[in-house]
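> Data: work_30.cif, mmCIF, C-alpha atoms and all ligand atoms.
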data_query
loop_
_atom_site.label_atom_id
_atom_site.label_comp_id
_atom_site.auth_asym_id
_atom_site.auth_seq_id
_atom_site.Cartn_x
_atom_site.Cartn_y
_atom_site.Cartn_z
CA MET A 1 -17.05 -19.79 -14.62
CA LYS A 2 -17.13 -18.56 -11.04
CA ASN A 3 -15.95 -15.03 -10.21
CA ASN A 4 -14.07 -13.90 -7.12
CA ILE A 5 -16.73 -11.80 -5.40
CA LEU A 6 -14.03 -9.64 -3.76
CA SER A 7 -13.27 -8.20 -7.21
CA PHE A 8 -16.88 -7.08 -7.66
CA ASP A 9 -17.51 -3.46 -6.69
CA ILE A 10 -20.80 -2.08 -5.37
CA ASP A 11 -22.10 -1.21 -8.86
CA GLN A 12 -21.25 -4.65 -10.21
CA LEU A 13 -22.94 -6.38 -7.28
CA THR A 14 -26.01 -4.15 -7.65
CA GLN A 15 -26.20 -5.13 -11.32
CA TYR A 16 -25.75 -8.82 -10.46
CA PHE A 17 -28.63 -8.85 -7.99
CA LYS A 18 -30.80 -6.91 -10.45
CA ASP A 19 -30.01 -9.45 -13.18
CA ILE A 20 -31.05 -12.38 -11.01
CA GLY A 21 -34.23 -10.58 -9.91
CA GLU A 22 -33.19 -9.86 -6.32
CA ALA A 23 -33.70 -6.65 -4.35
CA SER A 24 -30.83 -4.17 -4.10
CA TYR A 25 -30.55 -4.52 -0.30
CA ARG A 26 -28.98 -7.93 -0.94
CA VAL A 27 -25.79 -6.01 -1.83
CA ASN A 28 -25.63 -4.60 1.69
CA GLN A 29 -26.38 -7.97 3.25
CA VAL A 30 -23.71 -9.86 1.33
CA MET A 31 -21.12 -7.12 1.81
CA ASP A 32 -21.91 -7.02 5.51
CA TRP A 33 -21.12 -10.74 5.82
CA ILE A 34 -17.91 -10.53 3.82
CA TYR A 35 -16.41 -7.22 4.96
CA LYS A 36 -17.83 -6.72 8.46
CA LYS A 37 -18.68 -10.14 9.88
CA MET A 38 -15.74 -11.84 8.13
CA VAL A 39 -17.86 -14.74 6.97
CA TRP A 40 -16.44 -16.10 3.74
CA GLU A 41 -18.72 -19.02 3.00
CA PHE A 42 -22.06 -18.32 1.36
CA TYR A 43 -23.88 -21.14 3.13
CA LYS A 44 -23.19 -19.40 6.47
CA MET A 45 -24.93 -16.17 5.38
CA THR A 46 -28.01 -17.02 7.39
CA ASN A 47 -30.19 -14.00 6.62
CA LEU A 48 -30.23 -14.93 2.92
CA PRO A 49 -32.76 -17.43 1.57
CA ILE A 50 -31.22 -20.90 1.03
CA LYS A 51 -31.91 -20.67 -2.71
CA LEU A 52 -29.97 -17.42 -2.94
CA ARG A 53 -27.05 -18.85 -0.98
CA GLU A 54 -26.94 -21.72 -3.47
CA LYS A 55 -27.05 -19.31 -6.41
CA LEU A 56 -24.18 -17.26 -4.95
CA GLU A 57 -22.21 -20.48 -4.42
CA GLU A 58 -22.77 -21.31 -8.09
CA ASP A 59 -21.64 -17.92 -9.41
CA PHE A 60 -18.95 -16.82 -6.97
CA TYR A 61 -16.10 -17.82 -4.73
CA ILE A 62 -14.20 -15.82 -2.10
CA TYR A 63 -10.45 -16.18 -2.37
CA ILE A 64 -8.31 -15.44 0.68
CA PRO A 65 -4.70 -16.27 -0.18
CA LYS A 66 -2.79 -18.97 1.63
CA VAL A 67 -0.34 -17.73 4.27
CA LEU A 68 3.04 -19.30 3.45
CA ASN A 69 4.97 -17.66 6.22
CA LYS A 70 4.43 -15.20 9.03
CA ILE A 71 7.34 -13.55 10.78
CA GLU A 72 6.76 -11.54 13.91
CA GLU A 73 9.25 -9.18 15.45
CA TYR A 74 8.59 -6.52 18.08
CA ASN A 75 5.66 -4.54 16.66
CA THR A 76 5.75 -5.84 13.07
CA ILE A 77 4.29 -8.92 11.43
CA LYS A 78 5.29 -9.72 7.91
CA VAL A 79 2.97 -12.05 6.00
CA LEU A 80 3.83 -13.91 2.83
CA PHE A 81 0.79 -14.82 0.75
CA GLN A 82 0.46 -17.28 -2.08
CA LEU A 83 -2.04 -16.28 -4.76
CA GLU A 84 -4.23 -18.58 -6.88
CA ASP A 85 -1.61 -18.77 -9.64
CA LYS A 86 1.11 -19.53 -7.04
CA GLU A 87 2.65 -16.05 -7.30
CA ILE A 88 3.84 -14.67 -3.99
CA ILE A 89 3.21 -11.27 -2.40
CA GLU A 90 3.67 -9.82 1.03
CA ALA A 91 1.89 -7.52 3.45
CA VAL A 92 3.16 -5.99 6.67
CA LEU A 93 1.08 -5.38 9.78
CA ILE A 94 2.47 -2.73 12.09
CA SER A 95 1.26 -2.00 15.64
CA HIS A 96 1.97 1.39 17.12
CA LYS A 97 0.34 2.35 20.41
CA ASN A 98 -3.35 1.65 19.83
CA ARG A 99 -3.13 1.87 16.04
CA ARG A 100 -2.90 -1.09 13.66
CA THR A 101 -1.68 -0.35 10.15
CA LEU A 102 -1.53 -2.75 7.21
CA CYS A 103 0.83 -2.19 4.29
CA VAL A 104 -0.53 -3.91 1.16
CA SER A 105 1.00 -4.96 -2.16
CA THR A 106 -0.56 -3.88 -5.44
CA GLN A 107 1.52 -5.80 -8.00
CA VAL A 108 3.60 -8.97 -8.18
CA GLY A 109 7.04 -7.40 -8.67
CA CYS A 110 7.51 -3.90 -10.05
CA SER A 111 8.73 -2.41 -13.33
CA PHE A 112 10.16 0.85 -12.01
CA ARG A 113 13.52 -0.43 -10.77
CA CYS A 114 14.36 2.19 -8.17
CA ASN A 115 18.04 1.80 -7.44
CA PHE A 116 17.78 0.77 -3.79
CA CYS A 117 14.60 -1.33 -3.79
CA ALA A 118 14.44 -5.13 -3.59
CA THR A 119 11.11 -5.41 -5.41
CA GLY A 120 12.53 -3.61 -8.44
CA LEU A 121 15.19 -6.33 -8.74
CA MET A 122 12.47 -8.94 -9.33
CA GLY A 123 11.07 -7.15 -12.36
CA PHE A 124 7.35 -6.96 -13.08
CA LYS A 125 5.15 -10.08 -13.11
CA ARG A 126 1.54 -8.89 -13.05
CA ASN A 127 -1.01 -6.55 -11.52
CA LEU A 128 -3.09 -7.65 -8.54
CA SER A 129 -6.86 -7.59 -8.91
CA SER A 130 -8.88 -5.45 -6.50
CA GLY A 131 -10.00 -8.72 -4.89
CA GLU A 132 -6.40 -9.74 -4.26
CA ILE A 133 -5.69 -6.35 -2.69
CA LEU A 134 -8.84 -6.53 -0.51
CA ALA A 135 -8.04 -10.11 0.50
CA GLN A 136 -4.80 -8.94 2.17
CA ILE A 137 -6.86 -6.43 4.15
CA LEU A 138 -9.54 -8.98 5.07
CA TRP A 139 -6.89 -11.43 6.25
CA ALA A 140 -5.38 -8.76 8.53
CA LYS A 141 -8.77 -7.61 9.80
CA ASN A 142 -9.68 -11.17 10.68
CA PHE A 143 -6.29 -11.86 12.28
CA LEU A 144 -6.69 -8.75 14.47
CA PHE A 145 -10.35 -9.54 15.17
CA GLU A 146 -9.31 -12.87 16.68
CA ARG A 147 -6.99 -10.95 19.02
CA GLY A 148 -9.76 -8.53 19.94
CA GLU A 149 -8.15 -5.73 17.94
CA ASN A 150 -9.17 -3.50 15.05
CA LEU A 151 -7.49 -2.52 11.81
CA ASN A 152 -7.22 1.30 11.73
CA ASN A 153 -5.07 2.26 8.74
CA VAL A 154 -4.21 0.85 5.34
CA VAL A 155 -1.20 2.04 3.36
CA TYR A 156 -0.65 1.11 -0.29
CA MET A 157 3.12 0.89 0.14
CA GLY A 158 3.97 -2.77 -0.31
CA MET A 159 5.29 -4.45 -3.44
CA GLY A 160 4.54 -2.74 -6.74
CA GLU A 161 3.53 0.68 -7.98
CA PRO A 162 -0.12 1.36 -7.09
CA LEU A 163 -0.67 4.08 -9.70
CA ALA A 164 0.55 1.72 -12.46
CA ASN A 165 -2.40 -0.53 -11.50
CA TYR A 166 -4.81 2.40 -11.25
CA GLU A 167 -8.22 0.83 -11.92
CA GLU A 168 -7.86 -2.14 -9.55
CA VAL A 169 -6.29 -0.01 -6.82
CA ILE A 170 -9.13 2.55 -6.94
CA LYS A 171 -11.71 -0.21 -7.00
CA SER A 172 -10.21 -1.67 -3.82
CA ILE A 173 -10.01 1.77 -2.16
CA LYS A 174 -13.71 2.38 -2.83
CA ILE A 175 -14.71 -0.80 -0.97
CA LEU A 176 -12.13 -0.15 1.73
CA ASN A 177 -13.58 3.33 2.31
CA SER A 178 -17.28 2.56 1.86
CA PRO A 179 -19.43 2.38 5.02
CA ILE A 180 -21.00 -0.80 3.62
CA GLY A 181 -17.54 -2.20 2.83
CA ILE A 182 -14.62 -2.19 5.25
CA GLY A 183 -15.40 1.39 6.30
CA ILE A 184 -11.94 2.89 6.84
CA GLY A 185 -11.95 6.70 6.49
CA ALA A 186 -9.98 8.44 3.74
CA LYS A 187 -7.70 10.01 6.35
CA HIS A 188 -6.63 6.52 7.35
CA ILE A 189 -5.73 5.41 3.83
CA SER A 190 -2.40 6.33 2.19
CA LEU A 191 -1.03 5.58 -1.25
CA SER A 192 2.65 5.82 -2.11
CA THR A 193 3.88 6.39 -5.65
CA VAL A 194 7.17 6.79 -7.55
CA GLY A 195 5.50 9.87 -9.02
CA LEU A 196 3.37 9.03 -12.07
CA VAL A 197 2.22 12.55 -12.94
CA PRO A 198 -0.85 11.84 -15.16
CA GLN A 199 -2.24 9.39 -12.58
CA ILE A 200 -1.74 11.93 -9.78
CA TYR A 201 -4.00 14.36 -11.68
CA LYS A 202 -6.49 11.54 -12.24
CA LEU A 203 -6.42 10.68 -8.52
CA SER A 204 -7.22 14.27 -7.63
CA LYS A 205 -10.57 13.83 -9.44
CA GLU A 206 -11.60 10.84 -7.31
CA LYS A 207 -14.00 11.54 -4.48
CA ILE A 208 -11.91 9.92 -1.76
CA PRO A 209 -9.28 12.32 -0.33
CA ILE A 210 -6.66 9.74 0.69
CA THR A 211 -3.15 10.74 1.78
CA LEU A 212 -0.78 10.89 -1.17
CA ALA A 213 2.80 9.87 -0.43
CA ILE A 214 5.55 10.54 -2.95
CA SER A 215 8.77 8.52 -3.04
CA LEU A 216 10.99 11.57 -3.43
CA HIS A 217 14.38 10.30 -2.13
CA ALA A 218 16.37 13.09 -3.80
CA PRO A 219 16.00 16.89 -3.90
CA ASP A 220 17.31 17.41 -7.44
CA ASN A 221 16.80 15.79 -10.84
CA GLU A 222 20.42 14.73 -11.19
CA LEU A 223 20.32 12.41 -8.17
CA ARG A 224 16.65 11.45 -8.55
CA ASN A 225 17.31 10.28 -12.13
CA VAL A 226 19.72 7.73 -10.62
CA LEU A 227 17.69 6.63 -7.58
CA VAL A 228 14.20 6.77 -9.10
CA PRO A 229 14.74 6.38 -12.88
CA ILE A 230 11.11 7.28 -13.79
CA ASN A 231 12.19 10.82 -12.84
CA LYS A 232 13.64 11.12 -16.36
CA LYS A 233 10.07 10.89 -17.67
CA TYR A 234 8.41 12.90 -14.87
CA PRO A 235 11.03 15.29 -13.48
CA LEU A 236 10.59 17.35 -10.32
CA GLU A 237 9.34 20.43 -12.19
CA GLU A 238 6.35 18.34 -13.36
CA LEU A 239 5.95 16.12 -10.31
CA LEU A 240 5.80 18.87 -7.66
CA PRO A 241 3.07 20.97 -9.35
CA ALA A 242 0.99 17.77 -9.64
CA CYS A 243 1.46 17.23 -5.89
CA TRP A 244 0.41 20.79 -5.00
CA TYR A 245 -2.60 20.42 -7.29
CA TYR A 246 -3.63 17.23 -5.47
CA SER A 247 -3.11 18.93 -2.13
CA GLU A 248 -5.29 21.88 -3.08
CA LYS A 249 -8.09 19.77 -4.55
CA MET A 250 -8.19 17.30 -1.67
CA GLY A 251 -7.27 19.60 1.20
CA ARG A 252 -4.53 17.21 2.30
CA ARG A 253 -0.82 17.67 2.94
CA ILE A 254 1.50 15.66 0.72
CA SER A 255 3.76 13.18 2.42
CA PHE A 256 7.28 12.92 0.92
CA GLU A 257 9.23 9.76 1.60
CA TYR A 258 12.98 10.12 1.74
CA VAL A 259 15.06 6.95 2.10
CA LEU A 260 18.37 7.92 3.69
CA LEU A 261 21.53 6.61 1.97
CA GLU A 262 24.86 7.50 3.54
CA GLU A 263 26.87 10.19 1.71
CA ILE A 264 24.44 9.96 -1.22
CA ASN A 265 21.38 11.93 -0.15
CA ASP A 266 21.94 12.49 3.59
CA THR A 267 24.38 15.43 3.45
CA ILE A 268 23.57 18.93 4.69
CA GLU A 269 23.86 20.15 1.10
CA MET A 270 21.03 17.78 0.13
CA ALA A 271 19.01 18.80 3.20
CA GLU A 272 19.31 22.46 2.11
CA LYS A 273 18.04 21.62 -1.36
CA LEU A 274 15.16 19.68 0.15
CA VAL A 275 14.21 22.66 2.31
CA ASN A 276 14.19 24.93 -0.75
CA LEU A 277 11.93 22.51 -2.57
CA LEU A 278 9.35 22.11 0.19
CA LYS A 279 9.53 25.31 2.26
CA ASN A 280 6.09 26.88 2.84
CA LYS A 281 4.37 24.08 0.97
CA PRO A 282 1.69 21.69 2.29
CA ALA A 283 4.35 19.05 2.77
CA HIS A 284 5.41 16.52 5.34
CA VAL A 285 8.71 14.63 5.09
CA ASN A 286 9.00 11.01 6.17
CA LEU A 287 12.63 10.04 6.68
CA ILE A 288 13.23 6.30 6.24
CA PRO A 289 16.69 4.93 7.07
CA TRP A 290 17.43 2.54 4.19
CA ASN A 291 17.09 -1.20 4.82
CA LYS A 292 20.13 -2.86 3.31
CA VAL A 293 19.61 -4.83 0.10
CA SER A 294 22.90 -6.54 -0.70
CA GLU A 295 22.74 -6.00 -4.48
CA PHE A 296 23.17 -2.23 -4.01
CA PRO A 297 26.38 -0.50 -2.91
CA TRP A 298 24.67 1.95 -0.53
CA LYS A 299 24.95 2.15 3.25
CA ARG A 300 22.34 2.97 5.87
CA PRO A 301 23.57 6.12 7.67
CA SER A 302 24.50 6.12 11.34
CA ILE A 303 21.81 7.30 13.76
CA LEU A 304 23.92 10.42 14.36
CA ARG A 305 23.83 11.41 10.69
CA ILE A 306 20.13 10.61 10.50
CA LYS A 307 19.36 12.82 13.52
CA LYS A 308 21.48 15.64 12.09
CA PHE A 309 19.56 15.53 8.80
CA GLU A 310 16.24 15.47 10.66
CA LYS A 311 17.24 18.40 12.89
CA PHE A 312 18.34 20.50 9.92
CA LEU A 313 14.91 20.12 8.30
CA LYS A 314 13.07 20.76 11.57
CA ASP A 315 15.07 23.91 12.30
CA LYS A 316 14.12 25.27 8.88
CA GLY A 317 10.42 24.74 9.62
CA ILE A 318 9.81 21.57 7.61
CA ASN A 319 7.34 19.03 9.08
CA VAL A 320 9.34 15.88 9.47
CA THR A 321 9.03 12.44 11.04
CA LEU A 322 11.65 9.78 11.30
CA ARG A 323 10.17 6.39 10.49
CA ILE A 324 12.14 4.03 12.68
CA SER A 325 11.69 0.70 10.99
CA TYR A 326 11.36 -1.92 13.68
CA GLY A 327 10.98 -4.39 10.87
CA GLU A 328 14.61 -4.10 9.85
CA LYS A 329 15.65 -7.45 11.28
CA ILE A 330 12.72 -9.28 9.72
CA LYS A 331 13.38 -7.41 6.50
CA ALA A 332 10.11 -5.54 6.32
CA GLY A 333 11.60 -3.31 3.60
CA CYS A 334 9.74 -3.50 0.32
CA GLY A 335 10.09 -6.92 -1.31
CA GLN A 336 12.83 -8.25 0.90
CA LEU A 337 11.16 -11.22 2.56
CA ARG A 338 9.87 -12.67 -0.66
CA GLY A 339 13.36 -12.76 -2.15
CA GLU A 340 14.79 -14.50 0.92
CA PHE A 341 11.99 -17.03 1.25
CA ILE A 342 12.21 -18.07 -2.36
CA GLY A 343 15.98 -18.32 -2.14
CA ARG A 344 15.77 -20.53 0.94
CA LYS A 345 12.86 -22.79 0.09
CA LYS A 346 13.47 -22.98 -3.65
CA ILE A 347 9.83 -22.69 -4.67
N1 LIG A 401 5.98 1.91 -5.64
C1 LIG A 401 5.53 2.74 -4.57
C2 LIG A 401 5.16 1.99 -3.30
C3 LIG A 401 6.03 0.84 -2.84
S1 LIG A 401 7.51 1.13 -1.97
C4 LIG A 401 6.55 3.80 -4.28
O1 LIG A 401 7.63 3.77 -4.84
O2 LIG A 401 6.25 4.72 -3.51
C5 LIG A 401 7.11 1.89 -0.45
C6 LIG A 401 8.26 2.76 0.07
O3 LIG A 401 9.38 1.97 0.53
C7 LIG A 401 8.80 3.69 -1.02
O4 LIG A 401 9.00 4.98 -0.53
C8 LIG A 401 10.12 3.02 -1.35
O5 LIG A 401 10.98 3.91 -1.95
C9 LIG A 401 10.56 2.50 0.01
N2 LIG A 401 11.62 1.47 -0.04
C10 LIG A 401 11.87 0.59 -1.01
N3 LIG A 401 12.94 -0.18 -0.71
C11 LIG A 401 13.37 0.22 0.48
C12 LIG A 401 14.44 -0.18 1.35
N4 LIG A 401 15.26 -1.14 1.01
N5 LIG A 401 14.58 0.48 2.53
C13 LIG A 401 13.72 1.45 2.89
N6 LIG A 401 12.71 1.88 2.13
C14 LIG A 401 12.52 1.28 0.94
#
Output the file's structure in the form of structure tokens.

Amino acid sequence: MKNNILSFDIDQLTQYFKDIGEASYRVNQVMDWIYKKMVWEFYKMTNLPIKLREKLEEDFYIYIPKVLNKIEEYNTIKVLFQLEDKEIIEAVLISHKNRRTLCVSTQVGCSFRCNFCATGLMGFKRNLSSGEILAQILWAKNFLFERGENLNNVVYMGMGEPLANYEEVIKSIKILNSPIGIGIGAKHISLSTVGLVPQIYKLSKEKIPITLAISLHAPDNELRNVLVPINKKYPLEELLPACWYYSEKMGRRISFEYVLLEEINDTIEMAEKLVNLLKNKPAHVNLIPWNKVSEFPWKRPSILRIKKFEKFLKDKGINVTLRISYGEKIKAGCGQLRGEFIGRKKI
């Protein structure tokens, strides 16, 4: 049976070449073709002996998912991919000034059912392999390459919970970060989680100091239990110490995502609680006005309310950015396009 070579990490490739009696520099050569030159057919890898190309062809394939749909609006391109087993995932490519950022999915669906998120409504189907995660990145890199542009950042913030698919996600990050792989620096890689405490401690032992983003969304357990139900298992008094531990070990600030829902978590009372939680901590708050998902009763706040909330935090010395989502019209919110496409095309 052939293996998807994108799911082989550096150690596995090294072992493979050793097993077939080839020198270890073959790893660098093959990875250079796949991840740097964007050549995805073995017969085109011209610095390898013909016999070796044939052997690779026999043992491996390179799977780049089929693009079912691509929707472009302003600075955002949302891509819908079909995987080998016909499951569908999405990735979002965002251009901001001279930076290109790709948001990748890590699972088909999600089991955490946050009470404002479209992906949660689908339930959990399966984990993505590291190869399926890397393929989204390779597709984007190639797409940008053809436009004469580069991919600068990758954020693990698409469909699914990355820390619930720990091994495959880390495997993909290692190739993404490696100079002989895609070669994107740790500072340009972010991972967003609902807050799985044991995995946060595990992540702080990895050697790649990526940016950790926490889907906070509420400043107290009472509200967070409703919006992010996994909070009942890992409440704030356990989650926050894990974040500060990660920050200390990695020397990185923690990024807290806060989806704004009108009259639910966007009041000054909530802002005060948030300040008390994060004051004088290595924290950065990312405010995200909620993208409407019709199944939930919430409302996206007016720009006036959003600005007021932002100003309150700023005045109290909290680092804050407002993430204006240009993708709102094309529904670049987590999981939204997939739902619509399936509804429309009945696949
Ligand atoms: N499971 C991970 C990563 C995927 S979601 C996590 O929860 O962090 C990426 C971010 O988008 C999360 O902060 C999530 O809460 C947010 N999000 C989900 N649905 C949204 C919506 N409809 N509008 C705005 N942000 C949303």
> How would you write, as an NGL selection string, the set of residues no farther than 6 Å from ligand LIG 401 (chain A) when counting all atoms listed in the file?
:A and (116-118 or 157-161 or 192-194 or 214-215 or 257 or 259 or 288 or 290-293 or 333-334)
> With only C-alpha atoms as the counted atoms, please give the residues lying no more than 12 Å from stretch 301-316 of chain A, apart from itself and same-chain residues fewer than 4 positions off, as a count of residues only.
38
> As a PyMOL selection string, please: the residues near A:Leu68 (cut-off 7 Å, only C-alpha atoms, same-chain neighbours under 6 positions excluded).
chain A and resi 80-82
> Using all atoms listed in the file, pick whichever of A:Leu102, A:Ile50, A:Val228, A:Leu134 has the shortest atom-to-atom distance to A:Tyr63.
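Looking at the shortest contact to A:Tyr63, the residue is A:Leu134.
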> For atom CA of A:Asn75 and atom CA of A:Leu93, quote the distance in Å rounded to one decimal.
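These two atoms are separated by 8.3 Å.
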> Have a look at A:Pro49, A:Ile88, A:Lys249, A:Leu121 and name the one nearest to A:Val67; count only C-alpha atoms.
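Using only C-alpha atoms, A:Val67 sits closest to A:Ile88.
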> Which value, in Å to one decimal, gives the distance between atom CA of A:Met31 and atom CA of A:Ile180?
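Spanning atom CA of A:Met31 to atom CA of A:Ile180 is a straight-line distance of 6.6 Å.
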